[in-house]
Amino acid sequence: MGETITLNYGTEEGIFHMQHVNRTEPFERTPHYHGTYEIYYLLSGQRGFFLKDRSYLIAAGDILFINKHAMHNTTVVGSPSHERIVINFSDLLINPNDPLFHPALFSAFQHPTGLFRLKLREQIFVQSILNKLARELQEKTSGYETYIKLLVVELLLFASRYSERNEMPIGEQMNPQHKKISDIVRFINLNYQETLSLSFLSKQFFISPYYLSRAFKEVTGFTFIEYLNTTRIREAQTMLKASNRKIIEIAGAVGIDNVSHFGRTFRNLTGMTPVQYRKMKI
């Protein structure tokens, strides 16, 4: 099959999720975002990784801390063989009312890159925590849920202290194409509420529409319109939960003037209407 899953606990949008996968055939994750925090640890191989507005080349021993709602995806670089562990957890696992909570726990997710290139000693330490987590999830002995939380807290504190002691890598693939697309992604992130088109951006950044379209897909995994729509709908989701503004007002605020088009786009990306999403207990 080209894929061996040795652990798959919980769901990506649940309170706690952990998955350990070894792949030998090409695999590229669809560009996506979710309402949970993610920790991505590469055990072997190399991968391309697009996160927020930057592209990275990651290798064995690298760990990424991906904040809630940050768009990201992973792509093949060279040999498709790789082994990785992914952890997702929600605010229900650790929140400000929890005795174990400390603001430093979430500093890694707010770091400009979120990429930690670990030395061998740190790799061994992180893998020991991940091995303990896997064992607890497989054996499910008395109190395993509590121990899982303690292990996650230990991993997050390690990341916070590691970033304080070490100069963090920029990690960006610095060839001209990646730099240009990163600039364009940052521009979209800041101006998604405006009228944006491939033609407008090609003039703004002095490149041809054809080159922009091809390079954008290659670097981010999205087409231009997919990225723009996903950015707008992600922001609309936040507004729907954080305010009582009318749906037509929210549509306009994220750059979609036609409320019917907004509704269709929202449903295509989330699987539900804006009204249904607003009523969800999340």
# chains A, B, ... in the order shown; residues from 1 in each chain; ligands from 1
>>> closest_atom_pairs(of="stretch 75-158 of chain A", to="stretch 58-67 of chain A", cutoff="10 Å", atoms="only C-alpha atoms", output="CSV")
residue,atom,partner,partner_atom,distance
A:Val77,CA,A:Ile58,CA,9.4
A:His82,CA,A:Ala60,CA,8.6
A:Glu83,CA,A:Ala60,CA,8.6
A:Arg84,CA,A:Ala60,CA,8.8
A:Ile85,CA,A:Ile63,CA,9.5
A:Val86,CA,A:Leu64,CA,9.6
A:Ile87,CA,A:Phe65,CA,9.7
A:Asn88,CA,A:Ile66,CA,9.3
A:Phe106,CA,A:Asn67,CA,8.8
A:Ser107,CA,A:Phe65,CA,9.5
A:Ala108,CA,A:Phe65,CA,6.1
A:Phe109,CA,A:Asn67,CA,4.9
A:Gln110,CA,A:Asn67,CA,6.9
A:His111,CA,A:Phe65,CA,8.4
A:Thr113,CA,A:Leu64,CA,8.4
A:Gly114,CA,A:Phe65,CA,4.9
A:Leu115,CA,A:Leu64,CA,4.7
A:Phe116,CA,A:Ile63,CA,5.3
A:Arg117,CA,A:Asp62,CA,4.7
A:Leu118,CA,A:Gly61,CA,5.7
A:Lys119,CA,A:Gly61,CA,7.5
A:Leu120,CA,A:Gly61,CA,7.8
A:Glu122,CA,A:Gly61,CA,8.8
A:Gln123,CA,A:Gly61,CA,5.9
A:Ile124,CA,A:Gly61,CA,9.2
A:Val126,CA,A:Gly61,CA,9.3
A:Gln127,CA,A:Gly61,CA,9.3
A:Leu156,CA,A:Phe65,CA,9.4
>>> atom_distance(atom1="atom CA of A:Ala236", atom2="atom CA of A:Phe262")
9.6 Å
>>> closest_residue(among="A:Ser243, A:Gln46, A:Asn189, A:Ser199", to="A:Thr231", atoms="only C-alpha atoms")
A:Asn189
>>> closest_residue(among="A:Tyr9, A:Gly271, A:Arg278, A:Pro31", to="A:Leu137", atoms="only C-alpha atoms")
A:Tyr9
>>> select_by_dssp(residues="stretch 44-253 of chain A", states="helix (DSSP H, G or I)", output="PyMOL selection string")
chain A and resi 103-106+108-110+120-139+144-165+176-191+198-204+209-220+224-242+247-253
>>> closest_residue(among="A:Thr238, A:Asn229, A:Gln193, A:Asn268", to="A:Gly255", atoms="only C-alpha atoms")
A:Gln193
>>> select_by_dssp(residues="stretch 14-254 of chain A", states="strand (DSSP E)", output="JSON, numbers by chain")
{"A": [16, 17, 18, 19, 20, 21, 22, 23, 37, 38, 39, 40, 41, 42, 43, 44, 46, 47, 48, 49, 50, 51, 54, 55, 56, 57, 58, 59, 62, 63, 64, 65, 66, 72, 73, 74, 75, 76, 82, 83, 84, 85, 86, 87, 88, 89, 115, 116, 117]}
>>> write_last_selection(atoms="C-alpha atoms", output="PDB file, in the first residue's frame")
ATOM      1  CA  PHE A  16      -6.666  15.267  21.221  1.00  0.00           C
ATOM      2  CA  HIS A  17      -5.402  13.512  18.100  1.00  0.00           C
ATOM      3  CA  MET A  18      -2.153  11.689  17.412  1.00  0.00           C
ATOM      4  CA  GLN A  19      -1.132   9.868  14.239  1.00  0.00           C
ATOM      5  CA  HIS A  20       2.091   8.059  13.349  1.00  0.00           C
ATOM      6  CA  VAL A  21       2.531   7.243   9.648  1.00  0.00           C
ATOM      7  CA  ASN A  22       5.353   5.756   7.549  1.00  0.00           C
ATOM      8  CA  ARG A  23       4.980   6.336   3.793  1.00  0.00           C
ATOM      9  CA  TYR A  37      -3.174  23.360  17.399  1.00  0.00           C
ATOM     10  CA  GLU A  38      -0.832  21.043  15.479  1.00  0.00           C
ATOM     11  CA  ILE A  39       2.626  19.658  16.204  1.00  0.00           C
ATOM     12  CA  TYR A  40       4.320  18.019  13.198  1.00  0.00           C
ATOM     13  CA  TYR A  41       7.498  15.984  13.829  1.00  0.00           C
ATOM     14  CA  LEU A  42       9.455  14.429  10.956  1.00  0.00           C
ATOM     15  CA  LEU A  43      11.186  11.207  11.959  1.00  0.00           C
ATOM     16  CA  SER A  44      12.783  10.434   8.592  1.00  0.00           C
ATOM     17  CA  GLN A  46      12.439  15.244   3.661  1.00  0.00           C
ATOM     18  CA  ARG A  47       9.264  17.210   2.967  1.00  0.00           C
ATOM     19  CA  GLY A  48       8.224  20.534   1.528  1.00  0.00           C
ATOM     20  CA  PHE A  49       6.016  22.451   3.944  1.00  0.00           C
ATOM     21  CA  PHE A  50       3.940  25.573   3.290  1.00  0.00           C
ATOM     22  CA  LEU A  51       2.814  27.390   6.449  1.00  0.00           C
ATOM     23  CA  ARG A  54       6.310  30.751   3.824  1.00  0.00           C
ATOM     24  CA  SER A  55       7.641  27.571   2.279  1.00  0.00           C
ATOM     25  CA  TYR A  56      10.104  25.332   4.080  1.00  0.00           C
ATOM     26  CA  LEU A  57      12.321  22.383   3.336  1.00  0.00           C
ATOM     27  CA  ILE A  58      12.168  20.198   6.448  1.00  0.00           C
ATOM     28  CA  ALA A  59      14.252  17.156   7.316  1.00  0.00           C
ATOM     29  CA  ASP A  62      12.583  19.056  12.509  1.00  0.00           C
ATOM     30  CA  ILE A  63       9.437  19.906  14.435  1.00  0.00           C
ATOM     31  CA  LEU A  64       6.752  22.431  13.435  1.00  0.00           C
ATOM     32  CA  PHE A  65       4.268  24.160  15.730  1.00  0.00           C
ATOM     33  CA  ILE A  66       1.207  25.214  13.717  1.00  0.00           C
ATOM     34  CA  HIS A  72      -0.603  24.737   5.651  1.00  0.00           C
ATOM     35  CA  ASN A  73       0.201  21.717   3.523  1.00  0.00           C
ATOM     36  CA  THR A  74       3.008  19.246   2.894  1.00  0.00           C
ATOM     37  CA  THR A  75       4.525  18.148  -0.423  1.00  0.00           C
ATOM     38  CA  VAL A  76       7.000  15.643  -1.866  1.00  0.00           C
ATOM     39  CA  HIS A  82       9.118   9.684   5.017  1.00  0.00           C
ATOM     40  CA  GLU A  83       7.904   8.950   8.538  1.00  0.00           C
ATOM     41  CA  ARG A  84       6.120  11.534  10.653  1.00  0.00           C
ATOM     42  CA  ILE A  85       4.079  12.045  13.810  1.00  0.00           C
ATOM     43  CA  VAL A  86       1.277  14.603  14.018  1.00  0.00           C
ATOM     44  CA  ILE A  87      -0.443  15.785  17.187  1.00  0.00           C
ATOM     45  CA  ASN A  88      -3.553  17.980  17.226  1.00  0.00           C
ATOM     46  CA  PHE A  89      -5.221  19.311  20.351  1.00  0.00           C
ATOM     47  CA  LEU A 115      10.028  25.677  12.811  1.00  0.00           C
ATOM     48  CA  PHE A 116      12.482  24.121  15.296  1.00  0.00           C
ATOM     49  CA  ARG A 117      15.566  22.334  13.964  1.00  0.00           C
TER      50      ARG A 117
END
>>> residues_around(residues="A:Tyr211", least_positions_apart="2", cutoff="12 Å", atoms="only C-alpha atoms", output="JSON, numbers by chain")
{"A": [177, 180, 181, 198, 199, 201, 202, 203, 205, 206, 207, 208, 209, 213, 214, 215, 216, 217, 218, 219, 224]}
>>> write_last_selection(atoms="C-alpha atoms", output="PDB file, in the first residue's frame")
ATOM      1  CA  GLN A 177      10.299  32.003  -6.911  1.00  0.00           C
ATOM      2  CA  LYS A 180       8.136  36.174  -4.686  1.00  0.00           C
ATOM      3  CA  ILE A 181       5.198  33.899  -3.850  1.00  0.00           C
ATOM      4  CA  LEU A 198      -4.650  37.292 -10.932  1.00  0.00           C
ATOM      5  CA  SER A 199      -4.275  40.159 -13.403  1.00  0.00           C
ATOM      6  CA  LEU A 201      -1.459  40.824  -8.660  1.00  0.00           C
ATOM      7  CA  SER A 202       0.650  40.122 -11.757  1.00  0.00           C
ATOM      8  CA  LYS A 203       0.859  43.883 -12.415  1.00  0.00           C
ATOM      9  CA  PHE A 205       4.410  42.221  -8.558  1.00  0.00           C
ATOM     10  CA  PHE A 206       5.692  42.604 -12.143  1.00  0.00           C
ATOM     11  CA  ILE A 207       5.245  39.006 -13.290  1.00  0.00           C
ATOM     12  CA  SER A 208       3.066  37.426 -15.952  1.00  0.00           C
ATOM     13  CA  PRO A 209      -0.336  35.995 -14.998  1.00  0.00           C
ATOM     14  CA  SER A 213      -0.654  31.053 -11.605  1.00  0.00           C
ATOM     15  CA  ARG A 214       1.825  28.208 -12.097  1.00  0.00           C
ATOM     16  CA  ALA A 215       4.282  29.289  -9.384  1.00  0.00           C
ATOM     17  CA  PHE A 216       1.533  29.977  -6.829  1.00  0.00           C
ATOM     18  CA  LYS A 217       0.170  26.441  -7.205  1.00  0.00           C
ATOM     19  CA  GLU A 218       3.643  24.903  -7.090  1.00  0.00           C
ATOM     20  CA  VAL A 219       4.702  26.703  -3.899  1.00  0.00           C
ATOM     21  CA  PHE A 224      -4.775  31.610  -6.544  1.00  0.00           C
TER      22      PHE A 224
END
>>> closest_residue(among="A:Ser81, A:Leu157, A:Leu212, A:Arg245", to="A:Phe101", atoms="only C-alpha atoms")
A:Leu157
>>> atom_distance(atom1="atom CA of A:Thr220", atom2="atom CA of A:Phe187")
14.2 Å
